[in-house]
file my_file07.cif (mmCIF, C-alpha atoms and all ligand atoms)
data_work
loop_
_atom_site.group_PDB
_atom_site.id
_atom_site.type_symbol
_atom_site.label_atom_id
_atom_site.label_comp_id
_atom_site.auth_asym_id
_atom_site.auth_seq_id
_atom_site.Cartn_x
_atom_site.Cartn_y
_atom_site.Cartn_z
ATOM 1 C CA MET A 1290 77.587 102.088 123.101
ATOM 2 C CA LYS A 1291 79.762 101.694 120.035
ATOM 3 C CA ASP A 1292 82.947 100.084 121.145
ATOM 4 C CA LYS A 1293 85.178 100.356 118.090
ATOM 5 C CA VAL A 1294 86.426 103.752 117.001
ATOM 6 C CA THR A 1295 88.758 104.323 114.042
ATOM 7 C CA ARG A 1296 89.919 107.467 112.344
ATOM 8 C CA PHE A 1297 91.416 108.880 109.172
ATOM 9 C CA ALA A 1298 93.907 111.612 110.027
ATOM 10 C CA PRO A 1299 95.306 113.287 106.914
ATOM 11 C CA SER A 1300 97.699 116.222 106.932
ATOM 12 C CA PRO A 1301 96.372 118.877 104.520
ATOM 13 C CA THR A 1302 99.709 119.467 102.844
ATOM 14 C CA GLY A 1303 98.651 118.318 99.379
ATOM 15 C CA ARG A 1304 95.826 116.590 97.545
ATOM 16 C CA LEU A 1305 94.981 113.007 98.482
ATOM 17 C CA HIS A 1306 96.196 110.192 96.238
ATOM 18 C CA LEU A 1307 95.405 106.476 95.974
ATOM 19 C CA GLY A 1308 97.485 105.656 99.053
ATOM 20 C CA HIS A 1309 95.323 107.950 101.162
ATOM 21 C CA ALA A 1310 92.176 106.516 99.602
ATOM 22 C CA TYR A 1311 93.340 102.999 100.471
ATOM 23 C CA SER A 1312 94.012 103.965 104.090
ATOM 24 C CA ALA A 1313 90.722 105.823 104.502
ATOM 25 C CA LEU A 1314 88.757 102.972 102.917
ATOM 26 C CA LEU A 1315 90.336 100.366 105.206
ATOM 27 C CA ALA A 1316 89.716 102.416 108.367
ATOM 28 C CA HIS A 1317 86.154 103.138 107.259
ATOM 29 C CA ARG A 1318 85.479 99.480 106.474
ATOM 30 C CA PHE A 1319 86.872 98.417 109.857
ATOM 31 C CA ALA A 1320 84.505 100.806 111.633
ATOM 32 C CA ARG A 1321 81.470 99.817 109.568
ATOM 33 C CA GLU A 1322 82.157 96.078 109.931
ATOM 34 C CA HIS A 1323 82.288 96.469 113.699
ATOM 35 C CA ASP A 1324 79.286 98.778 113.856
ATOM 36 C CA GLY A 1325 81.772 101.325 115.148
ATOM 37 C CA ILE A 1326 82.615 104.975 114.658
ATOM 38 C CA PHE A 1327 84.755 106.463 111.880
ATOM 39 C CA LEU A 1328 86.285 109.827 112.732
ATOM 40 C CA LEU A 1329 87.986 112.410 110.562
ATOM 41 C CA ARG A 1330 90.798 114.441 112.075
ATOM 42 C CA ILE A 1331 92.602 117.133 110.143
ATOM 43 C CA GLU A 1332 96.257 117.191 111.186
ATOM 44 C CA ASP A 1333 96.916 120.822 110.324
ATOM 45 C CA ILE A 1334 99.676 121.592 112.810
ATOM 46 C CA ASP A 1335 102.357 122.597 110.341
ATOM 47 C CA PRO A 1336 101.785 126.268 109.561
ATOM 48 C CA THR A 1337 104.401 126.176 106.830
ATOM 49 C CA ARG A 1338 102.730 123.358 104.853
ATOM 50 C CA ALA A 1339 99.016 123.059 105.755
ATOM 51 C CA ARG A 1340 96.650 124.830 103.314
ATOM 52 C CA PRO A 1341 92.893 125.499 103.637
ATOM 53 C CA GLU A 1342 92.326 124.472 100.012
ATOM 54 C CA HIS A 1343 93.745 121.045 100.795
ATOM 55 C CA ILE A 1344 91.281 120.695 103.685
ATOM 56 C CA ASP A 1345 88.428 121.383 101.258
ATOM 57 C CA GLY A 1346 90.037 118.884 98.908
ATOM 58 C CA ILE A 1347 89.968 116.197 101.615
ATOM 59 C CA PHE A 1348 86.216 116.697 102.118
ATOM 60 C CA GLU A 1349 85.564 116.558 98.365
ATOM 61 C CA ASP A 1350 87.672 113.443 97.912
ATOM 62 C CA LEU A 1351 86.130 111.538 100.822
ATOM 63 C CA GLU A 1352 82.645 112.390 99.637
ATOM 64 C CA TRP A 1353 83.527 111.289 96.128
ATOM 65 C CA LEU A 1354 84.780 107.968 97.519
ATOM 66 C CA GLY A 1355 81.489 107.569 99.362
ATOM 67 C CA LEU A 1356 83.053 107.717 102.824
ATOM 68 C CA SER A 1357 80.893 109.251 105.505
ATOM 69 C CA PHE A 1358 82.398 110.072 108.868
ATOM 70 C CA ASP A 1359 80.773 110.324 112.259
ATOM 71 C CA GLU A 1360 80.824 113.091 114.844
ATOM 72 C CA GLU A 1361 82.515 116.449 114.540
ATOM 73 C CA ILE A 1362 85.714 116.880 112.595
ATOM 74 C CA VAL A 1363 88.657 117.622 114.857
ATOM 75 C CA TYR A 1364 91.235 120.174 113.700
ATOM 76 C CA GLN A 1365 94.571 119.909 115.422
ATOM 77 C CA SER A 1366 95.234 123.603 114.895
ATOM 78 C CA GLU A 1367 92.412 124.254 117.387
ATOM 79 C CA ARG A 1368 93.934 122.070 120.078
ATOM 80 C CA LEU A 1369 97.290 123.736 120.639
ATOM 81 C CA GLU A 1370 96.567 124.493 124.304
ATOM 82 C CA THR A 1371 96.021 120.824 125.010
ATOM 83 C CA TYR A 1372 99.350 119.917 123.423
ATOM 84 C CA ALA A 1373 101.097 122.730 125.304
ATOM 85 C CA ALA A 1374 99.693 121.425 128.601
ATOM 86 C CA ALA A 1375 101.063 117.950 127.859
ATOM 87 C CA LEU A 1376 104.462 119.441 127.060
ATOM 88 C CA GLU A 1377 104.389 121.276 130.399
ATOM 89 C CA GLU A 1378 103.738 117.953 132.107
ATOM 90 C CA LEU A 1379 106.784 116.446 130.462
ATOM 91 C CA LYS A 1380 108.853 119.524 131.347
ATOM 92 C CA ALA A 1381 107.813 119.192 134.976
ATOM 93 C CA ASP A 1382 108.948 115.568 134.871
ATOM 94 C CA GLY A 1383 112.338 116.646 133.494
ATOM 95 C CA LEU A 1384 111.873 114.515 130.374
ATOM 96 C CA VAL A 1385 112.170 117.209 127.703
ATOM 97 C CA TYR A 1386 114.802 119.836 127.042
ATOM 98 C CA PRO A 1387 115.037 122.917 124.839
ATOM 99 C CA CYS A 1388 117.082 122.496 121.666
ATOM 100 C CA PHE A 1389 118.574 125.554 120.001
ATOM 101 C CA CYS A 1390 120.331 123.769 117.136
ATOM 102 C CA THR A 1391 119.609 124.699 113.551
ATOM 103 C CA ARG A 1392 119.181 121.991 110.931
ATOM 104 C CA SER A 1393 122.567 122.850 109.436
ATOM 105 C CA GLU A 1394 124.311 122.653 112.806
ATOM 106 C CA ILE A 1395 122.847 119.208 113.364
ATOM 107 C CA ALA A 1396 123.810 118.111 109.843
ATOM 108 C CA ALA A 1397 127.367 119.393 110.356
ATOM 109 C CA GLU A 1398 127.700 117.562 113.652
ATOM 110 C CA VAL A 1399 126.351 114.345 112.149
ATOM 111 C CA ALA A 1400 128.728 114.685 109.176
ATOM 112 C CA ALA A 1401 131.700 115.242 111.496
ATOM 113 C CA SER A 1402 131.010 112.078 113.435
ATOM 114 C CA ALA A 1403 132.631 108.958 111.995
ATOM 115 C CA ALA A 1404 129.774 106.634 112.940
ATOM 116 C CA ALA A 1405 126.703 108.803 113.435
ATOM 117 C CA PRO A 1406 123.926 106.452 114.559
ATOM 118 C CA HIS A 1407 120.890 106.251 112.315
ATOM 119 C CA GLY A 1408 117.298 105.501 113.263
ATOM 120 C CA PRO A 1409 114.144 104.771 111.257
ATOM 121 C CA ASP A 1410 113.906 108.457 110.283
ATOM 122 C CA GLY A 1411 117.560 109.038 109.438
ATOM 123 C CA PRO A 1412 120.542 110.217 111.489
ATOM 124 C CA LEU A 1413 119.829 110.611 115.191
ATOM 125 C CA TYR A 1414 120.057 113.974 116.886
ATOM 126 C CA PRO A 1415 123.577 114.023 118.369
ATOM 127 C CA GLY A 1416 122.336 115.308 121.732
ATOM 128 C CA THR A 1417 124.140 118.656 121.567
ATOM 129 C CA CYS A 1418 121.657 120.532 123.774
ATOM 130 C CA ARG A 1419 120.868 117.669 126.140
ATOM 131 C CA GLY A 1420 123.706 118.487 128.486
ATOM 132 C CA LEU A 1421 123.241 122.263 128.782
ATOM 133 C CA SER A 1422 123.073 123.581 132.325
ATOM 134 C CA ALA A 1423 119.798 124.846 133.752
ATOM 135 C CA GLU A 1424 121.208 128.402 133.739
ATOM 136 C CA GLU A 1425 122.256 128.261 130.118
ATOM 137 C CA ARG A 1426 118.864 126.840 129.110
ATOM 138 C CA GLU A 1427 117.029 129.628 130.937
ATOM 139 C CA ALA A 1428 119.181 132.340 129.437
ATOM 140 C CA ARG A 1429 118.935 131.027 125.895
ATOM 141 C CA ILE A 1430 115.195 130.252 126.047
ATOM 142 C CA ALA A 1431 114.594 133.927 126.659
ATOM 143 C CA ARG A 1432 116.359 135.038 123.495
ATOM 144 C CA GLU A 1433 116.672 132.161 121.039
ATOM 145 C CA ALA A 1434 114.178 130.166 118.997
ATOM 146 C CA HIS A 1435 114.057 126.620 120.305
ATOM 147 C CA ALA A 1436 112.409 123.265 119.860
ATOM 148 C CA TRP A 1437 111.640 120.831 122.677
ATOM 149 C CA ARG A 1438 113.076 117.343 122.501
ATOM 150 C CA LEU A 1439 112.220 114.253 124.475
ATOM 151 C CA ASP A 1440 115.163 112.814 126.394
ATOM 152 C CA ILE A 1441 114.358 109.412 124.995
ATOM 153 C CA ALA A 1442 116.889 107.320 126.908
ATOM 154 C CA ARG A 1443 115.743 108.782 130.188
ATOM 155 C CA ALA A 1444 112.056 108.486 129.333
ATOM 156 C CA ALA A 1445 112.430 104.885 128.119
ATOM 157 C CA ALA A 1446 114.423 103.941 131.208
ATOM 158 C CA GLU A 1447 111.778 105.467 133.421
ATOM 159 C CA ALA A 1448 108.993 103.666 131.555
ATOM 160 C CA GLY A 1449 110.592 100.196 131.491
ATOM 161 C CA PRO A 1450 109.557 97.636 128.850
ATOM 162 C CA LEU A 1451 106.530 98.696 126.792
ATOM 163 C CA TYR A 1452 104.473 96.733 124.296
ATOM 164 C CA TRP A 1453 101.799 97.386 121.716
ATOM 165 C CA GLU A 1454 99.794 95.139 119.410
ATOM 166 C CA ASP A 1455 99.774 95.144 115.649
ATOM 167 C CA GLU A 1456 96.834 92.937 114.636
ATOM 168 C CA ASP A 1457 97.477 89.947 116.938
ATOM 169 C CA THR A 1458 101.217 90.362 117.224
ATOM 170 C CA GLU A 1459 102.751 91.807 120.350
ATOM 171 C CA VAL A 1460 105.527 94.258 119.550
ATOM 172 C CA GLN A 1461 108.098 95.445 122.059
ATOM 173 C CA ALA A 1462 108.604 99.184 121.690
ATOM 174 C CA GLU A 1463 112.154 100.398 121.067
ATOM 175 C CA PRO A 1464 111.671 104.149 121.003
ATOM 176 C CA GLU A 1465 115.377 104.782 121.660
ATOM 177 C CA ARG A 1466 115.991 103.962 117.982
ATOM 178 C CA PHE A 1467 114.584 107.386 117.125
ATOM 179 C CA GLY A 1468 116.881 109.371 119.378
ATOM 180 C CA ASP A 1469 115.619 112.527 121.080
ATOM 181 C CA VAL A 1470 112.537 113.224 118.962
ATOM 182 C CA VAL A 1471 111.136 116.731 118.672
ATOM 183 C CA LEU A 1472 107.831 117.253 120.494
ATOM 184 C CA ALA A 1473 107.483 120.969 119.772
ATOM 185 C CA ARG A 1474 109.184 122.576 116.814
ATOM 186 C CA LYS A 1475 110.721 125.997 116.427
ATOM 187 C CA ASP A 1476 108.232 126.817 113.690
ATOM 188 C CA ALA A 1477 105.267 124.735 114.888
ATOM 189 C CA PRO A 1478 103.990 124.484 118.452
ATOM 190 C CA VAL A 1479 103.713 120.711 118.438
ATOM 191 C CA SER A 1480 105.082 117.783 116.464
ATOM 192 C CA TYR A 1481 103.208 114.936 114.802
ATOM 193 C CA HIS A 1482 104.231 112.393 117.479
ATOM 194 C CA LEU A 1483 102.829 114.366 120.390
ATOM 195 C CA ALA A 1484 99.648 115.609 118.712
ATOM 196 C CA VAL A 1485 98.677 112.245 117.229
ATOM 197 C CA THR A 1486 99.171 110.412 120.517
ATOM 198 C CA ILE A 1487 97.158 112.894 122.532
ATOM 199 C CA ASP A 1488 94.327 113.079 120.019
ATOM 200 C CA ASP A 1489 93.890 109.369 119.492
ATOM 201 C CA ALA A 1490 93.434 109.017 123.249
ATOM 202 C CA ALA A 1491 91.255 112.131 123.574
ATOM 203 C CA GLN A 1492 88.954 110.937 120.805
ATOM 204 C CA GLY A 1493 88.669 107.442 122.266
ATOM 205 C CA VAL A 1494 90.195 105.806 119.189
ATOM 206 C CA THR A 1495 90.347 102.064 119.878
ATOM 207 C CA ASP A 1496 91.808 100.909 116.563
ATOM 208 C CA ILE A 1497 94.322 102.727 114.430
ATOM 209 C CA VAL A 1498 94.296 101.649 110.799
ATOM 210 C CA ARG A 1499 97.189 103.316 108.966
ATOM 211 C CA GLY A 1500 100.084 102.612 106.633
ATOM 212 C CA ARG A 1501 103.204 100.581 107.376
ATOM 213 C CA ASP A 1502 105.248 103.747 107.017
ATOM 214 C CA LEU A 1503 104.153 104.643 110.561
ATOM 215 C CA TYR A 1504 104.826 101.219 112.094
ATOM 216 C CA ALA A 1505 108.155 102.149 113.675
ATOM 217 C CA ALA A 1506 106.853 105.511 114.926
ATOM 218 C CA THR A 1507 104.334 103.607 117.029
ATOM 219 C CA ASP A 1508 107.181 102.853 119.441
ATOM 220 C CA VAL A 1509 107.453 106.569 120.188
ATOM 221 C CA HIS A 1510 103.675 106.902 120.491
ATOM 222 C CA ARG A 1511 103.596 103.986 122.943
ATOM 223 C CA LEU A 1512 106.217 105.702 125.093
ATOM 224 C CA LEU A 1513 104.300 108.988 125.051
ATOM 225 C CA GLN A 1514 101.099 107.158 126.015
ATOM 226 C CA HIS A 1515 102.903 105.786 129.037
ATOM 227 C CA LEU A 1516 104.442 109.122 130.034
ATOM 228 C CA LEU A 1517 101.159 111.002 129.719
ATOM 229 C CA GLY A 1518 98.945 108.302 131.215
ATOM 230 C CA LEU A 1519 97.005 107.768 127.975
ATOM 231 C CA SER A 1520 95.311 104.644 126.687
ATOM 232 C CA THR A 1521 96.967 102.403 124.070
ATOM 233 C CA PRO A 1522 94.812 101.525 121.071
ATOM 234 C CA HIS A 1523 95.160 98.455 118.871
ATOM 235 C CA TYR A 1524 97.121 99.013 115.681
ATOM 236 C CA HIS A 1525 96.467 97.661 112.202
ATOM 237 C CA HIS A 1526 99.268 98.802 109.897
ATOM 238 C CA HIS A 1527 98.346 98.114 106.311
ATOM 239 C CA PRO A 1528 100.597 97.568 103.276
ATOM 240 C CA LEU A 1529 101.846 100.611 101.426
ATOM 241 C CA LEU A 1530 100.916 101.196 97.831
ATOM 242 C CA LEU A 1531 103.810 101.573 95.450
ATOM 243 C CA GLY A 1532 103.479 103.238 92.079
ATOM 244 C CA PRO A 1533 104.655 101.841 88.741
ATOM 245 C CA ASP A 1534 108.132 103.247 89.519
ATOM 246 C CA GLY A 1535 108.312 101.050 92.639
ATOM 247 C CA GLN A 1536 108.256 104.141 94.855
ATOM 248 C CA ARG A 1537 105.799 105.038 97.584
ATOM 249 C CA LEU A 1538 102.997 107.125 96.179
ATOM 250 C CA ALA A 1539 103.689 110.821 96.398
ATOM 251 C CA LYS A 1540 102.733 113.811 94.382
ATOM 252 C CA ARG A 1541 106.382 114.477 93.629
ATOM 253 C CA HIS A 1542 106.659 111.116 91.901
ATOM 254 C CA GLY A 1543 103.697 112.000 89.713
ATOM 255 C CA ALA A 1544 101.136 109.809 91.513
ATOM 256 C CA PRO A 1545 97.706 110.903 90.274
ATOM 257 C CA THR A 1546 95.604 112.647 92.897
ATOM 258 C CA LEU A 1547 92.022 111.594 93.546
ATOM 259 C CA ALA A 1548 90.980 114.958 92.102
ATOM 260 C CA GLU A 1549 92.773 114.109 88.857
ATOM 261 C CA LEU A 1550 91.210 110.652 88.727
ATOM 262 C CA ARG A 1551 87.808 112.268 89.248
ATOM 263 C CA GLN A 1552 88.442 114.706 86.415
ATOM 264 C CA GLN A 1553 89.445 111.818 84.192
ATOM 265 C CA GLY A 1554 86.027 110.278 84.830
ATOM 266 C CA ALA A 1555 87.064 107.446 87.173
ATOM 267 C CA ASP A 1556 84.165 105.599 88.798
ATOM 268 C CA PRO A 1557 84.628 106.046 92.566
ATOM 269 C CA GLU A 1558 82.514 103.035 93.534
ATOM 270 C CA LYS A 1559 84.557 100.766 91.316
ATOM 271 C CA LEU A 1560 87.799 102.320 92.506
ATOM 272 C CA ALA A 1561 86.846 101.813 96.167
ATOM 273 C CA ALA A 1562 85.707 98.225 95.578
ATOM 274 C CA HIS A 1563 88.900 97.392 93.698
ATOM 275 C CA LEU A 1564 91.179 98.925 96.306
ATOM 276 C CA LEU A 1565 89.406 97.116 99.131
ATOM 277 C CA ALA A 1566 89.689 93.842 97.225
ATOM 278 C CA GLY A 1567 93.417 94.471 96.694
ATOM 279 C CA ARG A 1568 92.939 94.912 92.936
ATOM 280 C CA LEU A 1569 95.332 97.714 92.183
ATOM 281 C CA PRO A 1570 95.677 99.728 88.972
ATOM 282 C CA ALA A 1571 98.155 98.345 86.429
ATOM 283 C CA GLY A 1572 101.748 98.684 87.603
ATOM 284 C CA TYR A 1573 100.845 99.349 91.237
ATOM 285 C CA SER A 1574 101.814 97.024 94.064
ATOM 286 C CA ALA A 1575 101.358 96.802 97.817
ATOM 287 C CA VAL A 1576 104.240 96.064 100.180
ATOM 288 C CA GLY A 1577 104.522 95.225 103.833
ATOM 289 C CA ALA A 1578 101.574 92.877 104.191
HETATM 290 N N1 LIG A 1601 98.739 112.814 109.517
HETATM 291 C C1 LIG A 1601 99.541 111.690 109.170
HETATM 292 C C2 LIG A 1601 99.779 111.668 107.687
HETATM 293 O O1 LIG A 1601 99.021 112.246 106.931
HETATM 294 C C3 LIG A 1601 98.921 110.349 109.520
HETATM 295 C C4 LIG A 1601 98.719 110.180 110.956
HETATM 296 C C5 LIG A 1601 98.392 108.781 111.421
HETATM 297 O O2 LIG A 1601 97.617 108.068 110.764
HETATM 298 O O3 LIG A 1601 98.881 108.439 112.487
HETATM 299 O O4 LIG A 1601 100.743 111.064 107.264
#
call {"tool": "encode", "arguments": {"input": "my_file07.cif", "output": "C-alpha cells"}}
result
Amino acid sequence: MKDKVTRFAPSPTGRLHLGHAYSALLAHRFAREHDGIFLLRIEDIDPTRARPEHIDGIFEDLEWLGLSFDEEIVYQSERLETYAAALEELKADGLVYPCFCTRSEIAAEVAASAAAPHGPDGPLYPGTCRGLSAEEREARIAREAHAWRLDIARAAAEAGPLYWEDEDTEVQAEPERFGDVVLARKDAPVSYHLAVTIDDAAQGVTDIVRGRDLYAATDVHRLLQHLLGLSTPHYHHHPLLLGPDGQRLAKRHGAPTLAELRQQGADPEKLAAHLLAGRLPAGYSAVGA
C-alpha cells in the first residue's frame, strides 16, 4: 500500500501561473519521492467564478509541465451532498447559525465600531446574527437568503487545545482569530474551508503541500477536522513566489500564465527543474521559507 498521498487542488477561476506551477511541482515531487500518490482535485465550488475553460486549462498546463496524477480527478461541484451532510451535523451540534447579513451591512457595522477586531483575512464578522432567537432564525430562513457561519468561540471551547504539524514544527491552532467563518455561502452551497477539510480526509491525503498563504487557515481546518471526526494530515507550507513588483503572483498584477509562457516557447522541463531548484526567473523571489 502506498502510504503517502498528496494533492494539487486548484480553483478553476483563472489560468495557472508560476505560483501554481511551483505548488503543483512540489506536491508532485513529494509524492514521487515517497513512492506515494499524487491526486488532482478541482475546487469548483464557486458558481460565480469557476469556468469550464479554466478546468481544461489546468489539464493542459499540468500536462505541459510533465505532471501526471494518479486515480480519478475529484470535482468538488459533484460532492455537494457530502458537504451538506457535514453542515447538518454541525447544525445538530448547535455549532453553526444562519447569517442574513449582506456584505454592505457587515462593512457598515465594522466601520461603525471604533476598534473592529481584525483576523488573518481582514475584519472579523461582528456577530450580528449569532444572537438571534430560534424563532427569528426559523422565520427568516424561510424567506431570506442566508449563509451559515461557524460559532467559532463555542466550537473552539468545545474542542479544547488543538495542534497540527507544519514540517516538524507543532503549531497550536488559534481558529478564533478568524471569527465566525462562513461554511456555506448565500451564493455557493459550501465554502473553501469546509470543502477542503472534508475532501482531504475523504481522499486519504496524508501530506498537504501548499503555499504559505494558507498557513493561518489551517487553524480553521484543524478545528473542523476535530468537529467532524476527520483525520489530520501533515502540512508542508511552501514559500510564496513574488513577482518583480514584490507582490504575490496574480493575473491582475500581470503575472504571466503558464499558457502565455508556453506560447512564448518556454521549455517546460527547464522551467520545472529551475523552479524545483529554487532558481526563479529574473526579478522573482520566494518568501516565507
Ligand atoms: N483551491 C485553493 C486555491 O486554489 C487551494 C486549496 C488548498 O491547497 O488547500 O487557492
call {"tool": "resolve_selection", "arguments": {"input": "my_file07.cif", "expression": "the PyMOL selection byres (((chain A and resi 1448-1461) around 10) and not hetatm)", "output": "list in words"}}
result
Ala1442, Arg1443, Ala1444, Ala1445, Ala1446, Glu1447, Ala1462, Glu1463, Pro1464, Asp1496, Ile1497, Val1498, Tyr1504, Thr1507, Asp1508, His1510, Arg1511, Leu1512, Leu1513, His1515, Leu1516, Thr1521, Pro1522, His1523, Tyr1524, His1525, His1526 and His1527 of chain A
call {"tool": "atom_distance", "arguments": {"input": "my_file07.cif", "atom1": "atom CA of Leu1564 of chain A", "atom2": "atom CA of Ala1506 of chain A"}}
result
25.2 Å
call {"tool": "resolve_selection", "arguments": {"input": "my_file07.cif", "expression": "the PyMOL selection byres (((chain A and resi 1363-1367) around 8) and not hetatm)", "output": "mmCIF file with C-alpha atoms, in the coordinates of the input"}}
result
data_model
loop_
_atom_site.group_PDB
_atom_site.id
_atom_site.type_symbol
_atom_site.label_atom_id
_atom_site.label_comp_id
_atom_site.auth_asym_id
_atom_site.auth_seq_id
_atom_site.Cartn_x
_atom_site.Cartn_y
_atom_site.Cartn_z
ATOM 1 C CA LEU A 1329 87.986 112.410 110.562
ATOM 2 C CA ARG A 1330 90.798 114.441 112.075
ATOM 3 C CA ILE A 1331 92.602 117.133 110.143
ATOM 4 C CA GLU A 1332 96.257 117.191 111.186
ATOM 5 C CA ASP A 1333 96.916 120.822 110.324
ATOM 6 C CA ILE A 1334 99.676 121.592 112.810
ATOM 7 C CA GLU A 1361 82.515 116.449 114.540
ATOM 8 C CA ILE A 1362 85.714 116.880 112.595
ATOM 9 C CA ARG A 1368 93.934 122.070 120.078
ATOM 10 C CA LEU A 1369 97.290 123.736 120.639
ATOM 11 C CA ALA A 1484 99.648 115.609 118.712
#
call {"tool": "closest_atom_pairs", "arguments": {"input": "my_file07.cif", "of": "chain A", "to": "ligand LIG 1601 (chain A)", "cutoff": "6 Å", "atoms": "all atoms listed in the file", "output": "Markdown table"}}
result
| residue | atom | partner | partner_atom | distance |
| --- | --- | --- | --- | --- |
| A:Ala1298 | CA | A:LIG1601 | N1 | 5.0 |
| A:Pro1299 | CA | A:LIG1601 | O1 | 3.9 |
| A:Ser1300 | CA | A:LIG1601 | O1 | 4.2 |
| A:Glu1332 | CA | A:LIG1601 | N1 | 5.3 |
| A:Arg1499 | CA | A:LIG1601 | O2 | 5.1 |
call {"tool": "closest_residue", "arguments": {"input": "my_file07.cif", "among": "A:Leu1538, A:Val1479, A:Leu1550, A:Leu1531", "to": "Gly1577 of chain A", "atoms": "all atoms listed in the file"}}
result
A:Leu1531
call {"tool": "residues_around", "arguments": {"input": "my_file07.cif", "residues": "Leu1560 of chain A", "least_positions_apart": "6", "cutoff": "10 Å", "atoms": "all atoms listed in the file", "output": "ChimeraX atom specification"}}
result
/A:1307,1310-1311,1354,1550,1566,1568-1570
call {"tool": "resolve_selection", "arguments": {"input": "my_file07.cif", "expression": "the PyMOL selection byres (((chain A and resi 1532) around 9) and not hetatm)", "output": "list in words"}}
result
Leu1530, Leu1531, Pro1533, Asp1534, Gly1535, Gln1536, Arg1537, Leu1538, Ala1539, His1542, Ala1544, Gly1572, Tyr1573, Ser1574 and Ala1575 of chain A
call {"tool": "residues_around", "arguments": {"input": "my_file07.cif", "residues": "segment 1343-1350 of chain A", "least_positions_apart": "4", "cutoff": "7 Å", "atoms": "all atoms listed in the file", "output": "list in words"}}
result
Pro1301, Thr1302, Gly1303, Arg1304, Leu1305, Leu1354, Leu1547 and Ala1548 of chain A
call {"tool": "residues_around", "arguments": {"input": "my_file07.cif", "residues": "Leu1519 of chain A", "least_positions_apart": "4", "cutoff": "12 Å", "atoms": "all atoms listed in the file", "output": "number ranges by chain"}}
result
A: 1375, 1483, 1485-1495, 1510-1515
call {"tool": "closest_residue", "arguments": {"input": "my_file07.cif", "among": "A:Arg1318, A:Pro1341, A:His1435, A:Ala1313", "to": "Asp1476 of chain A", "atoms": "only C-alpha atoms"}}
result
A:His1435
call {"tool": "closest_residue", "arguments": {"input": "my_file07.cif", "among": "A:Ala1373, A:Pro1528, A:Asp1502, A:Gly1554", "to": "Leu1315 of chain A", "atoms": "only C-alpha atoms"}}
result
A:Pro1528
call {"tool": "residues_around", "arguments": {"input": "my_file07.cif", "residues": "segment 1419-1434 of chain A", "least_positions_apart": "6", "cutoff": "9 Å", "atoms": "all atoms listed in the file", "output": "PyMOL selection string"}}
result
chain A and resi 1385-1389+1440+1469+1475-1476
call {"tool": "atom_distance", "arguments": {"input": "my_file07.cif", "atom1": "atom CA of Arg1551 of chain A", "atom2": "atom CA of Ala1316 of chain A"}}
result
21.6 Å
